[in-house]
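Everything below concerns the one structure shown next.
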2 protein chains.
Amino acid sequence: MAKRAAIRGVAIRLALDEGLDAATVDAISAAADISPRTFFNYFPSKDDVFSIEPHQWSTEEIIAELKARPADEAPVESMRAVVKVMAEAAGFANFAEEWELLQELYRRHPELFGKMRVDKVDITIAALVKEIAARTGTDPAIDLYPGLLVNAAFAALQTAENASRISDRALPDLLDNAFDLLIRGL
Amino acid sequence: MAKRAAIRGVAIRLALDEGLDAATVDAISAAADISPRTFFNYFPSKDDVFSIEPHQWSTEEIIAELKARPADEAPVESMRAVVKVMAEAAGFANFAEEWELLQELYRRHPELFGKMRVDKVDITIAALVKEIAARTGTDPAIDLYPGLLVNAAFAALQTAENASRISDRALPDLLDNAFDLLIRGL
DNA sequence: TGCATGTCTTGCAGAGTCTGCAAACTTTGC
DNA sequence: GCAAAGTTTGCAGACTCTGCAAGACATGCA
């Protein structure tokens, strides 16, 4: 899918040069030498072209990852491992070339954050909560622990990703630090 | 804004009766006896009519709340207090009548979760992180603690809200439980 | 080469969301 | 009763997105 990346590159540059408003599907398509119809063959919605797509994983993979952890491992350590897998797949790497530009675009238009598709994250969280609850033999409707653990793990991921982006430190290390803080207690 | 609530009520019922696809702005407006143009006077976007609007607070209020906490209080306790204020304002209460219906709609169309406006939350989180960092005299670009604390606090809010919705327990109590877990360590 | 197959791209028509503007209508206070 | 202020509406138009069917292109094989 090199073309997908190419279209995205054109789109980001256009938005940066002419303003986000000017970057309509028509304009992007013209600049990328494709028809507007084709644009939608590559991106299900316009917002997706400016999305960082942090989710290169599928819920199934992630759940499988969790299930593969030893049964007697502490749940928080299992989540640490799972989140690390997500972090690896969570690809700023996939943007290499455009990453700087996209970052600038986000700086100018913070509202783009809000347009990122988050559906999948919610679904994954729900599935993880269910699985953690099964592992610990608790009812997630009664016990807060599974829900809190999973949500806090995502909070750690988010925090570590931010820090990694800003300060250029290695994501896995930061994730470990964040998890250590969570385990020790805030 | 009783009319706003009335429009929302009509919209939810329509989506439940005829399906989400059938609940176009035109259809909703017709059912609510207003013009489509008027619909947009009450809701900036169609998605908003099906949004639970968990954010009845403004970032300014929340920051003021944090600043009002004693300077020598542990940051995590300050956040606990702040999140409690958000929880109070976070109005399922505002939906009283339609709440059951909306819940059913969300059950049938989980994708609606993804359409909720989350812009404001991100902005609030960023502001809170900055303020916590200032209070603790740390640089949020280096130290993970402020970011993790704030994100984890929102995780606690989310978890407690979910649990409260499912099990009908009091939100403030659940929030306290969640915070206790975070403080003690996962 | 010629044909068959499958994939990628495109045009078109149409539904739906959302905005700006100005006119019409209501409400309110005096 | 009237003026000011606020609300509602129609209209025109830009934009996103979808389904469908036709066309272009590539691939492999006889």
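Labeling convention for the structure tokens: chains A, B, ... as they appear, residues from 1 per chain, ligands from 1 in order of appearance.
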
Provide as a PyMOL selection string the residues of chain B at most 6 Å from chain A, counting only C-alpha atoms.
-> chain B and resi 114+118-119+141+147-148+151-152+155+159+163+182-186

Would you put the residues from that selection into a file with C-alpha atoms, as a compact mmCIF listing (two decimals), in the first residue's frame?
```
# COMPACT_ATOMS: atom_id res chain seq x y z
CA GLY B 114 -16.62 6.46 18.98
CA VAL B 118 -13.55 13.90 23.03
CA ASP B 119 -11.70 17.02 22.01
CA ALA B 141 8.41 16.25 29.47
CA GLY B 147 0.94 12.68 32.96
CA LEU B 148 0.40 9.28 34.46
CA ASN B 151 -4.45 9.91 32.80
CA ALA B 152 -4.89 7.33 35.52
CA ALA B 155 -9.11 5.94 33.86
CA THR B 159 -14.06 2.68 35.26
CA ALA B 163 -19.44 0.26 37.09
CA LEU B 182 -4.46 3.42 42.37
CA ILE B 183 -2.83 4.79 45.49
CA ARG B 184 -2.14 1.41 46.98
CA GLY B 185 -0.78 0.16 43.67
CA LEU B 186 -2.18 -2.23 41.14
```

For DG19 in chain D, list every protein, DNA or RNA residue within 10 Å, evaluated using only C-alpha atoms (C1' of nucleotides), and leave out those in the same chain fewer than 2 positions away; present the list as an NGL selection string.
-> (:C and (13-14)) or (:D and (21))

Could the residues in this selection be saved with N, CA and C atoms (P, O5', C5', C4', C3', O3' and C1' of nucleotides) as a PDB file, in the first residue's frame?
```pdb
ATOM      1  P    DA C  13     -25.255  11.726 -13.941  1.00  0.00           P
ATOM      2  O5'  DA C  13     -26.295  11.086 -12.907  1.00  0.00           O
ATOM      3  C5'  DA C  13     -26.442   9.671 -12.829  1.00  0.00           C
ATOM      4  C4'  DA C  13     -27.023   9.329 -11.472  1.00  0.00           C
ATOM      5  C3'  DA C  13     -27.884  10.450 -10.877  1.00  0.00           C
ATOM      6  O3'  DA C  13     -29.019   9.866 -10.284  1.00  0.00           O
ATOM      7  C1'  DA C  13     -26.162   9.904  -9.372  1.00  0.00           C
ATOM      8  P    DG C  14     -30.193  10.700  -9.673  1.00  0.00           P
ATOM      9  O5'  DG C  14     -30.025  10.466  -8.110  1.00  0.00           O
ATOM     10  C5'  DG C  14     -29.758   9.159  -7.630  1.00  0.00           C
ATOM     11  C4'  DG C  14     -29.426   9.250  -6.153  1.00  0.00           C
ATOM     12  C3'  DG C  14     -30.192  10.361  -5.424  1.00  0.00           C
ATOM     13  O3'  DG C  14     -30.603   9.869  -4.165  1.00  0.00           O
ATOM     14  C1'  DG C  14     -27.911  10.612  -5.052  1.00  0.00           C
TER      15       DG C  14
ATOM     16  P    DA D  21     -25.243  -2.473 -11.128  1.00  0.00           P
ATOM     17  O5'  DA D  21     -24.657  -1.919 -12.503  1.00  0.00           O
ATOM     18  C5'  DA D  21     -24.956  -0.571 -12.901  1.00  0.00           C
ATOM     19  C4'  DA D  21     -23.840  -0.089 -13.796  1.00  0.00           C
ATOM     20  C3'  DA D  21     -23.261  -1.167 -14.718  1.00  0.00           C
ATOM     21  O3'  DA D  21     -22.983  -0.580 -15.969  1.00  0.00           O
ATOM     22  C1'  DA D  21     -21.549  -0.238 -13.442  1.00  0.00           C
TER      23       DA D  21
END
```

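Within 9 Å of chain C, chain A contributes the residues Ile34, Ser35, Pro36, Arg37 and Thr38 of chain A, using only C-alpha atoms (C1' of nucleotides).
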
Requested write-out: C-alpha atoms of the selected residues, as an mmCIF file, in the first residue's frame:
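Final file, result04.cif:
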```
data_model
loop_
_atom_site.group_PDB
_atom_site.id
_atom_site.type_symbol
_atom_site.label_atom_id
_atom_site.label_comp_id
_atom_site.auth_asym_id
_atom_site.auth_seq_id
_atom_site.Cartn_x
_atom_site.Cartn_y
_atom_site.Cartn_z
ATOM 1 C CA ILE A 34 -6.411 10.371 -8.473
ATOM 2 C CA SER A 35 -10.140 10.747 -8.667
ATOM 3 C CA PRO A 36 -12.069 11.697 -5.553
ATOM 4 C CA ARG A 37 -13.783 8.346 -5.807
ATOM 5 C CA THR A 38 -10.439 6.617 -5.564
#
```

Based on DSSP run over this structure's backbone, return all residues of range 33-154 of chain A in alpha helix (DSSP H), as a VMD selection string.
-> chain A and resid 36 to 42 59 to 67 75 to 89 99 to 108 111 to 115 119 to 136 145 to 154

For chain D, list the residues within 12 Å of chain B, counting only C-alpha atoms (C1' of nucleotides), and write the list as a ChimeraX atom specification.
-> /D:7-11

Save the residues we just selected, N, CA and C atoms (P, O5', C5', C4', C3', O3' and C1' of nucleotides), as a compact mmCIF listing (two decimals), in the first residue's frame?
```txt
# COMPACT_ATOMS: atom_id res chain seq x y z
P DT D 7 -32.58 33.20 21.89
O5' DT D 7 -33.74 32.47 21.10
C5' DT D 7 -34.88 33.19 20.77
C4' DT D 7 -35.78 32.37 19.89
C3' DT D 7 -35.23 31.07 19.31
O3' DT D 7 -36.27 30.12 19.31
C1' DT D 7 -35.73 32.59 17.55
P DT D 8 -36.09 28.63 18.69
O5' DT D 8 -36.60 28.84 17.20
C5' DT D 8 -37.97 29.12 16.97
C4' DT D 8 -38.20 29.30 15.49
C3' DT D 8 -37.80 28.08 14.64
O3' DT D 8 -38.97 27.63 13.98
C1' DT D 8 -36.99 30.13 13.71
P DT D 9 -38.92 26.31 13.12
O5' DT D 9 -38.59 26.93 11.70
C5' DT D 9 -39.52 27.85 11.12
C4' DT D 9 -38.94 28.44 9.84
C3' DT D 9 -38.44 27.40 8.83
O3' DT D 9 -39.37 27.34 7.76
C1' DT D 9 -37.00 29.31 9.02
P DG D 10 -39.32 26.23 6.69
O5' DG D 10 -38.61 27.04 5.52
C5' DG D 10 -39.10 28.31 5.16
C4' DG D 10 -38.33 28.88 3.99
C3' DG D 10 -37.93 27.86 2.91
O3' DG D 10 -38.09 28.50 1.66
C1' DG D 10 -35.97 28.84 3.85
P DC D 11 -37.88 27.78 0.30
O5' DC D 11 -36.39 28.23 -0.06
C5' DC D 11 -35.99 29.58 0.20
C4' DC D 11 -34.56 29.77 -0.26
C3' DC D 11 -34.08 28.69 -1.24
O3' DC D 11 -33.39 29.34 -2.30
C1' DC D 11 -32.61 28.80 0.60
```

Please measure the separation of CA of Ser78 in chain B and CA of Leu66 in chain B, giving the value in Å to one decimal.
->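 Computing it gives 6.5 Å between the two atoms.
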
What's the 12 Å shell around Ala23 in chain A, counting only C-alpha atoms (C1' of nucleotides), without same-chain residues fewer than 2 positions away, as a list in words?
->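 After dropping sequence-adjacent residues, the list is Arg8, Val10, Ala11, Ile12, Arg13, Leu14, Ala15, Leu16, Asp17, Glu18, Gly19, Leu20, Asp21, Val25, Asp26, Ala27, Ile28, Ser29, Ala30, Ala31, Ala32, Lys46, Asp47, Val49 and Phe50 of chain A; DC15 of chain D.
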
Output for the residues just chosen: C-alpha atoms (C1' of nucleotides) as an mmCIF file, in the first residue's frame:
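Result written to selection.cif:
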```cif
data_model
loop_
_atom_site.group_PDB
_atom_site.id
_atom_site.type_symbol
_atom_site.label_atom_id
_atom_site.label_comp_id
_atom_site.auth_asym_id
_atom_site.auth_seq_id
_atom_site.Cartn_x
_atom_site.Cartn_y
_atom_site.Cartn_z
ATOM 1 C CA ARG A 8 -1.452 10.748 2.903
ATOM 2 C CA VAL A 10 0.160 14.747 -0.365
ATOM 3 C CA ALA A 11 -2.764 15.425 1.950
ATOM 4 C CA ILE A 12 -0.612 16.437 4.882
ATOM 5 C CA ARG A 13 1.506 18.720 2.786
ATOM 6 C CA LEU A 14 -1.555 20.305 1.259
ATOM 7 C CA ALA A 15 -3.132 20.902 4.657
ATOM 8 C CA LEU A 16 0.086 22.443 5.885
ATOM 9 C CA ASP A 17 0.534 24.658 2.853
ATOM 10 C CA GLU A 18 -2.993 25.768 2.110
ATOM 11 C CA GLY A 19 -4.694 25.252 5.433
ATOM 12 C CA LEU A 20 -6.834 22.446 6.703
ATOM 13 C CA ASP A 21 -9.982 23.940 5.225
ATOM 14 C CA VAL A 25 -11.176 15.513 -0.711
ATOM 15 C CA ASP A 26 -11.390 17.082 -4.146
ATOM 16 C CA ALA A 27 -8.257 19.107 -3.596
ATOM 17 C CA ILE A 28 -6.303 16.236 -2.117
ATOM 18 C CA SER A 29 -7.334 13.961 -4.958
ATOM 19 C CA ALA A 30 -6.354 16.503 -7.566
ATOM 20 C CA ALA A 31 -2.978 16.985 -5.926
ATOM 21 C CA ALA A 32 -2.461 13.237 -5.709
ATOM 22 C CA LYS A 46 -11.493 11.836 5.154
ATOM 23 C CA ASP A 47 -10.440 12.084 8.797
ATOM 24 C CA VAL A 49 -5.989 10.545 6.142
ATOM 25 C CA PHE A 50 -4.873 12.751 9.019
ATOM 26 C "C1'" DC D 15 -18.655 19.078 1.328
#
```
